[in-house]
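Q: Next up, work09.cif (mmCIF, C-alpha atoms and all ligand atoms).
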```
data_upload
#
loop_
_atom_site.label_atom_id
_atom_site.label_comp_id
_atom_site.auth_asym_id
_atom_site.auth_seq_id
_atom_site.Cartn_x
_atom_site.Cartn_y
_atom_site.Cartn_z
CA MET B 92 180.32 83.53 -16.46
CA ARG B 93 183.27 85.39 -14.93
CA ILE B 94 182.72 85.62 -11.18
CA LEU B 95 185.09 87.53 -8.92
CA ILE B 96 185.21 86.43 -5.27
CA THR B 97 186.69 88.69 -2.58
CA GLY B 98 187.83 86.95 0.60
CA ALA B 99 188.39 83.85 -1.53
CA GLN B 100 190.66 82.20 1.07
CA GLY B 101 188.18 82.53 3.96
CA GLN B 102 185.78 79.79 5.04
CA LEU B 103 182.91 80.86 2.75
CA GLY B 104 185.38 81.75 -0.01
CA HIS B 105 186.66 78.17 0.01
CA ALA B 106 183.14 76.74 -0.10
CA LEU B 107 182.34 79.06 -3.03
CA GLN B 108 185.41 77.94 -4.96
CA GLN B 109 184.09 74.40 -4.74
CA ALA B 110 180.46 75.20 -5.51
CA LEU B 111 181.42 77.36 -8.51
CA SER B 112 184.24 75.18 -9.84
CA GLY B 113 182.78 75.09 -13.37
CA GLU B 114 182.79 78.89 -13.70
CA ASP B 115 185.49 81.34 -14.77
CA LEU B 116 186.61 82.41 -11.28
CA VAL B 117 188.76 85.39 -10.32
CA LEU B 118 189.98 84.89 -6.75
CA LYS B 119 190.93 87.92 -4.65
CA ASP B 120 192.24 88.06 -1.08
CA LEU B 121 194.99 89.46 1.12
CA PRO B 122 197.82 90.29 0.70
CA ALA B 123 197.69 91.08 -3.05
CA PHE B 124 194.11 92.36 -2.86
CA ASP B 125 193.52 94.62 0.15
CA LEU B 126 190.15 96.28 0.70
CA THR B 127 191.86 99.08 2.62
CA ARG B 128 193.91 100.07 -0.45
CA PRO B 129 192.48 102.18 -3.28
CA ASP B 130 193.98 99.90 -5.96
CA SER B 131 191.45 97.17 -5.02
CA GLU B 132 188.86 99.05 -7.10
CA ALA B 133 191.15 99.10 -10.17
CA GLN B 134 191.95 95.40 -9.70
CA ILE B 135 188.25 94.55 -9.90
CA VAL B 136 187.64 96.77 -12.92
CA ALA B 137 190.66 95.25 -14.70
CA ALA B 138 189.27 91.72 -14.21
CA ARG B 139 185.94 92.74 -15.87
CA PRO B 140 183.77 90.22 -13.97
CA SER B 141 180.08 89.85 -14.78
CA ALA B 142 179.36 89.11 -11.12
CA ILE B 143 181.11 89.82 -7.82
CA LEU B 144 180.64 87.83 -4.63
CA HIS B 145 181.90 90.28 -2.04
CA VAL B 146 182.68 87.94 0.85
CA GLY B 147 185.96 89.47 2.11
CA ALA B 148 185.54 91.24 5.43
CA TYR B 149 186.93 92.04 8.84
CA THR B 150 185.07 89.27 10.70
CA ASN B 151 186.54 89.28 14.23
CA VAL B 152 183.56 90.49 16.30
CA ASP B 153 185.53 91.22 19.50
CA GLY B 154 188.55 92.48 17.52
CA ALA B 155 186.33 95.10 15.90
CA GLU B 156 185.71 96.67 19.32
CA ARG B 157 189.50 97.05 19.75
CA GLU B 158 190.15 98.38 16.23
CA PRO B 159 186.89 100.01 15.10
CA ASP B 160 188.61 102.18 12.48
CA ARG B 161 190.05 99.15 10.72
CA ALA B 162 186.73 97.27 10.83
CA MET B 163 184.99 100.28 9.27
CA LEU B 164 187.73 100.76 6.69
CA VAL B 165 187.50 97.15 5.48
CA ASN B 166 183.75 96.54 5.79
CA ALA B 167 182.29 99.96 4.98
CA GLN B 168 184.80 101.93 2.87
CA GLY B 169 186.10 98.73 1.26
CA THR B 170 182.58 97.85 0.17
CA THR B 171 182.08 101.35 -1.25
CA MET B 172 185.03 100.68 -3.57
CA VAL B 173 183.78 97.21 -4.52
CA ALA B 174 180.33 98.61 -5.32
CA ARG B 175 181.81 101.42 -7.43
CA ALA B 176 183.90 98.92 -9.37
CA ALA B 177 180.84 96.68 -9.87
CA ALA B 178 178.86 99.62 -11.24
CA THR B 179 181.74 100.61 -13.56
CA VAL B 180 181.82 97.19 -15.23
CA ASN B 181 178.03 96.61 -15.02
CA ALA B 182 178.51 93.57 -12.79
CA ARG B 183 176.00 91.95 -10.51
CA LEU B 184 177.08 92.43 -6.88
CA ILE B 185 176.28 90.08 -4.02
CA TYR B 186 177.39 91.41 -0.64
CA LEU B 187 177.56 89.05 2.33
CA SER B 188 176.18 90.51 5.54
CA THR B 189 175.19 89.31 8.98
CA ASP B 190 172.44 88.74 11.54
CA TYR B 191 174.48 91.06 13.79
CA VAL B 192 172.97 94.08 12.01
CA PHE B 193 170.00 93.48 14.38
CA ASP B 194 169.85 94.33 18.09
CA GLY B 195 168.18 91.08 19.16
CA THR B 196 165.23 92.65 20.97
CA LYS B 197 162.63 90.76 18.88
CA SER B 198 161.40 87.30 19.83
CA THR B 199 160.19 86.28 16.38
CA PRO B 200 162.46 85.84 13.32
CA TYR B 201 163.86 89.00 11.74
CA ARG B 202 162.48 89.72 8.28
CA GLU B 203 164.33 91.45 5.47
CA GLU B 204 162.27 94.62 5.94
CA ASP B 205 162.93 94.90 9.72
CA MET B 206 164.98 97.93 10.68
CA PRO B 207 168.63 97.10 11.46
CA HIS B 208 170.03 98.42 14.72
CA PRO B 209 173.50 96.99 15.34
CA ILE B 210 174.80 96.87 18.91
CA ASN B 211 178.48 96.23 18.20
CA VAL B 212 181.16 97.70 15.91
CA TYR B 213 181.27 94.67 13.61
CA GLY B 214 177.48 94.88 13.08
CA GLN B 215 177.72 98.64 12.48
CA SER B 216 180.51 98.19 9.95
CA LYS B 217 178.57 95.48 8.08
CA ARG B 218 175.41 97.62 8.08
CA GLU B 219 177.46 100.49 6.59
CA GLY B 220 178.67 97.98 4.01
CA GLU B 221 175.07 97.04 3.16
CA ILE B 222 174.16 100.69 2.61
CA ALA B 223 177.28 101.27 0.50
CA ALA B 224 176.63 98.19 -1.65
CA LEU B 225 172.98 99.05 -2.28
CA ALA B 226 173.72 102.72 -3.01
CA GLY B 227 176.80 102.15 -5.14
CA CYS B 228 175.68 99.48 -7.60
CA PRO B 229 172.20 99.15 -9.12
CA ASN B 230 172.30 95.35 -9.50
CA THR B 231 173.02 94.51 -5.85
CA LEU B 232 171.76 91.77 -3.56
CA VAL B 233 172.67 91.84 0.13
CA VAL B 234 172.66 88.30 1.53
CA ARG B 235 172.49 88.17 5.32
CA THR B 236 173.63 84.94 6.90
CA ALA B 237 174.54 83.81 10.44
CA TRP B 238 176.69 81.56 12.65
CA LEU B 239 178.71 80.28 9.69
CA TYR B 240 181.00 77.24 9.75
CA GLY B 241 182.99 75.59 6.98
CA TYR B 242 186.02 73.38 6.40
CA ALA B 243 188.48 76.27 5.97
CA GLY B 244 189.45 78.47 8.91
CA ASN B 245 188.33 78.43 12.52
CA ASN B 246 184.74 78.39 13.65
CA PHE B 247 182.49 77.36 16.54
CA VAL B 248 182.01 73.76 15.38
CA LYS B 249 185.73 73.10 15.01
CA THR B 250 186.45 74.77 18.36
CA ILE B 251 183.84 72.67 20.21
CA MET B 252 185.10 69.49 18.48
CA ARG B 253 188.61 70.24 19.73
CA LEU B 254 187.65 71.37 23.25
CA ALA B 255 185.40 68.34 23.70
CA THR B 256 188.49 66.11 23.46
CA GLU B 257 190.58 68.30 25.79
CA LYS B 258 188.28 69.44 28.64
CA PRO B 259 186.30 67.61 31.33
CA PHE B 260 183.27 69.88 30.70
CA LEU B 261 182.27 72.82 28.49
CA ASP B 262 180.56 76.07 29.51
CA VAL B 263 178.66 77.57 26.57
CA VAL B 264 176.38 80.61 26.26
CA GLY B 265 172.74 79.58 26.53
CA ASP B 266 170.94 82.92 26.21
CA GLN B 267 171.73 83.83 22.58
CA ARG B 268 169.61 82.25 19.85
CA GLY B 269 170.42 82.15 16.14
CA CYS B 270 170.69 79.99 13.00
CA PRO B 271 173.86 77.92 12.50
CA THR B 272 174.70 77.82 8.79
CA ASN B 273 176.86 75.40 6.84
CA ALA B 274 179.11 77.31 4.39
CA ASP B 275 178.67 74.60 1.72
CA ASP B 276 174.89 74.97 1.83
CA LEU B 277 175.13 78.74 1.66
CA ALA B 278 177.57 78.52 -1.27
CA LEU B 279 175.04 76.49 -3.29
CA VAL B 280 172.40 79.17 -2.72
CA LEU B 281 174.83 81.90 -3.76
CA LYS B 282 175.59 79.93 -6.91
CA ASP B 283 171.87 80.13 -7.77
CA LEU B 284 171.36 83.72 -6.64
CA VAL B 285 174.23 85.05 -8.73
CA LYS B 286 172.25 84.03 -11.83
CA THR B 287 168.96 85.67 -10.74
CA ASP B 288 168.20 89.38 -10.79
CA LEU B 289 166.88 89.43 -7.21
CA ARG B 290 167.88 92.75 -5.69
CA GLY B 291 167.71 94.33 -2.24
CA ILE B 292 168.11 92.13 0.84
CA CYS B 293 167.68 88.37 1.24
CA HIS B 294 168.12 86.25 4.39
CA VAL B 295 169.85 82.87 3.88
CA THR B 296 170.57 80.43 6.73
CA ASN B 297 169.97 76.77 7.45
CA THR B 298 166.44 76.34 8.83
CA GLY B 299 165.63 75.92 12.51
CA ASP B 300 167.33 77.76 15.35
CA CYS B 301 169.11 77.08 18.63
CA THR B 302 171.27 78.63 21.32
CA TRP B 303 175.07 78.31 21.26
CA HIS B 304 174.64 75.86 24.17
CA GLU B 305 172.19 73.69 22.20
CA PHE B 306 174.51 73.87 19.20
CA ALA B 307 177.48 72.73 21.30
CA GLU B 308 175.45 69.89 22.82
CA ALA B 309 174.50 68.69 19.34
CA ILE B 310 178.18 68.72 18.30
CA VAL B 311 179.33 66.79 21.38
CA ASN B 312 176.48 64.25 21.05
CA ARG B 313 177.52 63.57 17.46
CA MET B 314 181.04 62.81 18.70
CA ASP B 315 179.59 60.13 21.00
CA LEU B 316 181.14 61.85 24.01
CA SER B 317 179.36 62.22 27.31
CA ILE B 318 181.13 65.28 28.74
CA PRO B 319 178.77 67.79 30.36
CA VAL B 320 177.92 70.91 28.33
CA ARG B 321 176.72 73.53 30.82
CA PRO B 322 174.74 76.65 29.86
CA ILE B 323 176.16 79.98 31.00
CA THR B 324 174.88 83.53 30.51
CA THR B 325 176.26 86.14 28.13
CA ALA B 326 177.36 88.15 31.18
CA GLN B 327 179.29 85.15 32.54
CA ALA B 328 181.02 84.65 29.17
CA GLY B 329 182.38 88.22 29.46
CA ARG B 330 183.06 88.83 25.76
CA LEU B 331 184.17 92.29 24.66
CA ALA B 332 181.49 92.89 22.02
CA ARG B 333 177.78 92.92 22.83
CA ARG B 334 175.83 90.33 20.87
CA PRO B 335 172.12 90.15 20.03
CA ALA B 336 170.20 87.79 22.35
CA TYR B 337 167.98 86.75 19.44
CA SER B 338 169.09 86.99 15.80
CA VAL B 339 167.06 84.32 14.02
CA LEU B 340 166.59 85.32 10.36
CA ALA B 341 163.34 84.63 8.50
CA PRO B 342 164.08 83.45 4.94
CA GLY B 343 161.18 85.44 3.47
CA ARG B 344 162.48 86.29 0.01
CA LEU B 345 164.50 83.15 -0.64
CA ALA B 346 161.35 81.02 -0.60
CA ALA B 347 160.14 82.90 -3.69
CA VAL B 348 163.16 81.93 -5.81
CA ARG B 349 164.40 78.59 -4.52
CA ALA B 350 164.00 75.80 -1.96
CA LEU B 351 165.00 76.68 1.59
CA LEU B 352 168.13 75.19 3.09
CA PRO B 353 168.04 71.95 5.14
CA HIS B 354 167.63 72.04 8.93
CA TRP B 355 170.77 73.03 10.86
CA GLN B 356 170.91 69.58 12.54
CA ASP B 357 171.06 67.89 9.12
CA ALA B 358 173.71 70.37 7.92
CA LEU B 359 175.80 69.78 11.06
CA ALA B 360 175.61 66.00 10.62
CA ARG B 361 176.93 66.28 7.04
CA PHE B 362 179.72 68.61 8.11
CA MET B 363 180.88 66.42 10.99
CA LYS B 364 180.88 63.31 8.82
CA GLU B 365 183.47 64.99 6.56
CA ALA B 366 185.39 67.16 9.06
CA PRO B 367 188.58 65.55 10.41
CA HIS B 368 188.18 64.52 14.05
CA PRO B 369 190.51 66.81 16.08
CA ALA B 370 191.93 63.87 18.04
CA SER B 371 193.13 62.26 14.78
CA CYS B 372 194.86 65.41 13.42
N1 LIG W 401 181.54 83.79 10.12
C1 LIG W 401 180.29 84.05 10.45
O1 LIG W 401 179.74 83.48 11.41
C2 LIG W 401 179.48 85.02 9.63
C3 LIG W 401 178.15 85.26 10.00
C4 LIG W 401 177.41 86.15 9.22
C5 LIG W 401 177.97 86.78 8.12
N2 LIG W 401 179.27 86.55 7.82
C6 LIG W 401 179.83 87.24 6.66
O2 LIG W 401 180.10 86.27 5.68
C7 LIG W 401 181.29 86.61 4.95
C8 LIG W 401 182.24 85.42 4.97
O3 LIG W 401 182.60 85.12 6.31
P1 LIG W 401 183.72 84.04 6.62
O4 LIG W 401 183.32 83.37 7.88
O5 LIG W 401 184.04 83.25 5.40
O6 LIG W 401 184.94 85.02 6.96
P2 LIG W 401 186.50 84.70 6.97
O7 LIG W 401 186.77 83.25 7.03
O8 LIG W 401 187.08 85.58 8.04
O9 LIG W 401 186.95 85.23 5.54
C9 LIG W 401 187.06 86.60 5.25
C10 LIG W 401 188.17 86.76 4.26
O10 LIG W 401 188.35 88.17 4.01
C11 LIG W 401 189.75 88.45 4.09
N3 LIG W 401 190.02 89.83 4.44
C12 LIG W 401 190.11 90.40 5.68
N4 LIG W 401 190.50 91.67 5.59
C13 LIG W 401 190.67 91.93 4.27
C14 LIG W 401 191.10 93.07 3.55
N5 LIG W 401 191.49 94.21 4.15
N6 LIG W 401 191.16 92.98 2.20
C15 LIG W 401 190.84 91.85 1.54
N7 LIG W 401 190.44 90.73 2.18
C16 LIG W 401 190.36 90.78 3.53
C17 LIG W 401 190.26 87.50 5.15
O11 LIG W 401 191.66 87.38 5.10
P3 LIG W 401 192.48 87.04 6.46
O12 LIG W 401 191.93 85.72 6.95
O13 LIG W 401 193.90 86.99 6.02
O14 LIG W 401 192.17 88.16 7.43
C18 LIG W 401 189.52 86.22 4.78
O15 LIG W 401 190.17 85.49 3.78
C19 LIG W 401 181.82 87.88 5.60
O16 LIG W 401 181.44 88.97 4.81
C20 LIG W 401 181.16 87.93 6.96
O17 LIG W 401 181.00 89.26 7.40
C21 LIG W 401 180.04 85.67 8.53
#
```
Please go through the file and, once you have read it, give me the structure as structure tokens.
A:
Amino acid sequence: MRILITGAQGQLGHALQQALSGEDLVLKDLPAFDLTRPDSEAQIVAARPSAILHVGAYTNVDGAEREPDRAMLVNAQGTTMVARAAATVNARLIYLSTDYVFDGTKSTPYREEDMPHPINVYGQSKREGEIAALAGCPNTLVVRTAWLYGYAGNNFVKTIMRLATEKPFLDVVGDQRGCPTNADDLALVLKDLVKTDLRGICHVTNTGDCTWHEFAEAIVNRMDLSIPVRPITTAQAGRLARRPAYSVLAPGRLAAVRALLPHWQDALARFMKEAPHPASC
């Protein structure tokens, strides 16, 4: 099966390359493949994939507030082109989206049929991407995930592992709740989903939920360090982009096609066993 991956050099892209290593992969990423350039559509059509994992995106949540036009161009208009190319070659399209399409006002897990209402530019641009993907290609599945970490690139787990060896204490946001997700686990689900004909929207995260503070505490505990991890509020953190206070995703549709992912604590333990300790780098 020829599978084209956009954003192939990002953290999920790397995990997908490993999970799909037996397949005929076409890897696309900057600089040769640029979602802001019209030739990206022709590049996809020329490769004639039977499936596209559209992972490439503008993913800097605070950066999107500073350059909203670029975030929209990459995540919304870029996805319109990818969807058009997918439809042209009759490919299955899987578009990666985010828990940040929700506003966080619920206190029970968000289901696939809940109405999105993004509260920051990144979330808006990804929601526009969802609409473009679903409208532009008949065989589309939107996979929403959350709080992703993998071996490639920077992420929360790697940052906490590094800071825990450098600082006397850590202050971490304790009033946002979500689902940390291991990119390797997600990649295995995507490997399965690409071969189904499930369409529409599907939530995929590791099971269980926590706050960023609880997540950081779990990381530090696994490092056998005893530095204090103190909860702070979103207001105290003073980030540029607003973030949902509660963005736990309910894996409603996944349960019908495959086993749910392991608990986030189990996924974190596996990741940290393999990840190089920052002090030894
Ligand atoms: N990370 C999370 O916590 C999270 C949570 C929920 C959903 N998601 C979604 O999951 C997907 C994968 O996320 P990730 O964490 O793997 O992201 P990532 O590491 O930032 O990877 C995204 C990739 O897309 C590339 N890209 C950026 N702009 C592009 C453009 N104009 N044209 C072509 N490629 C471009 C990036 O290249 P450069 O690195 O050179 O910019 C990077 O290789 C994304 O769609 C994201 O929205 C992520």
Q: Of the residues B:Gly147, B:Pro207, B:Pro342, B:Pro259, which is the one nearest to ligand LIG 401 (chain W), using only C-alpha atoms and all ligand atoms?
A: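 Closest to ligand LIG 401 (chain W) of all the choices is B:Gly147.
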Q: Using all atoms listed in the file, which residues of the polymer chains come no farther than 6 Å from ligand LIG 401 (chain W)? I'd like the answer as a ChimeraX atom specification.
A: /B:98-104,120-121,124-127,146-150,165,187-189,236-239,244
Q: May I ask which of the residues B:Val285, B:Ile210, B:Val263, B:Ile222 is the closest one to B:Ala326, counting only C-alpha atoms?
A: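 Nearest to B:Ala326: B:Val263.
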Q: I'd like the interatomic distance between atom CA of B:Thr272 and atom CA of B:Ala142, to a tenth of an Å.
A: 23.4 Å
Q: Using all atoms listed in the file, which of the listed residues (B:Thr302, B:Thr231, B:Arg128, B:Ser317) sits closest to B:Thr256?
A: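 Checking each candidate against B:Thr256, we get B:Ser317 as the closest.
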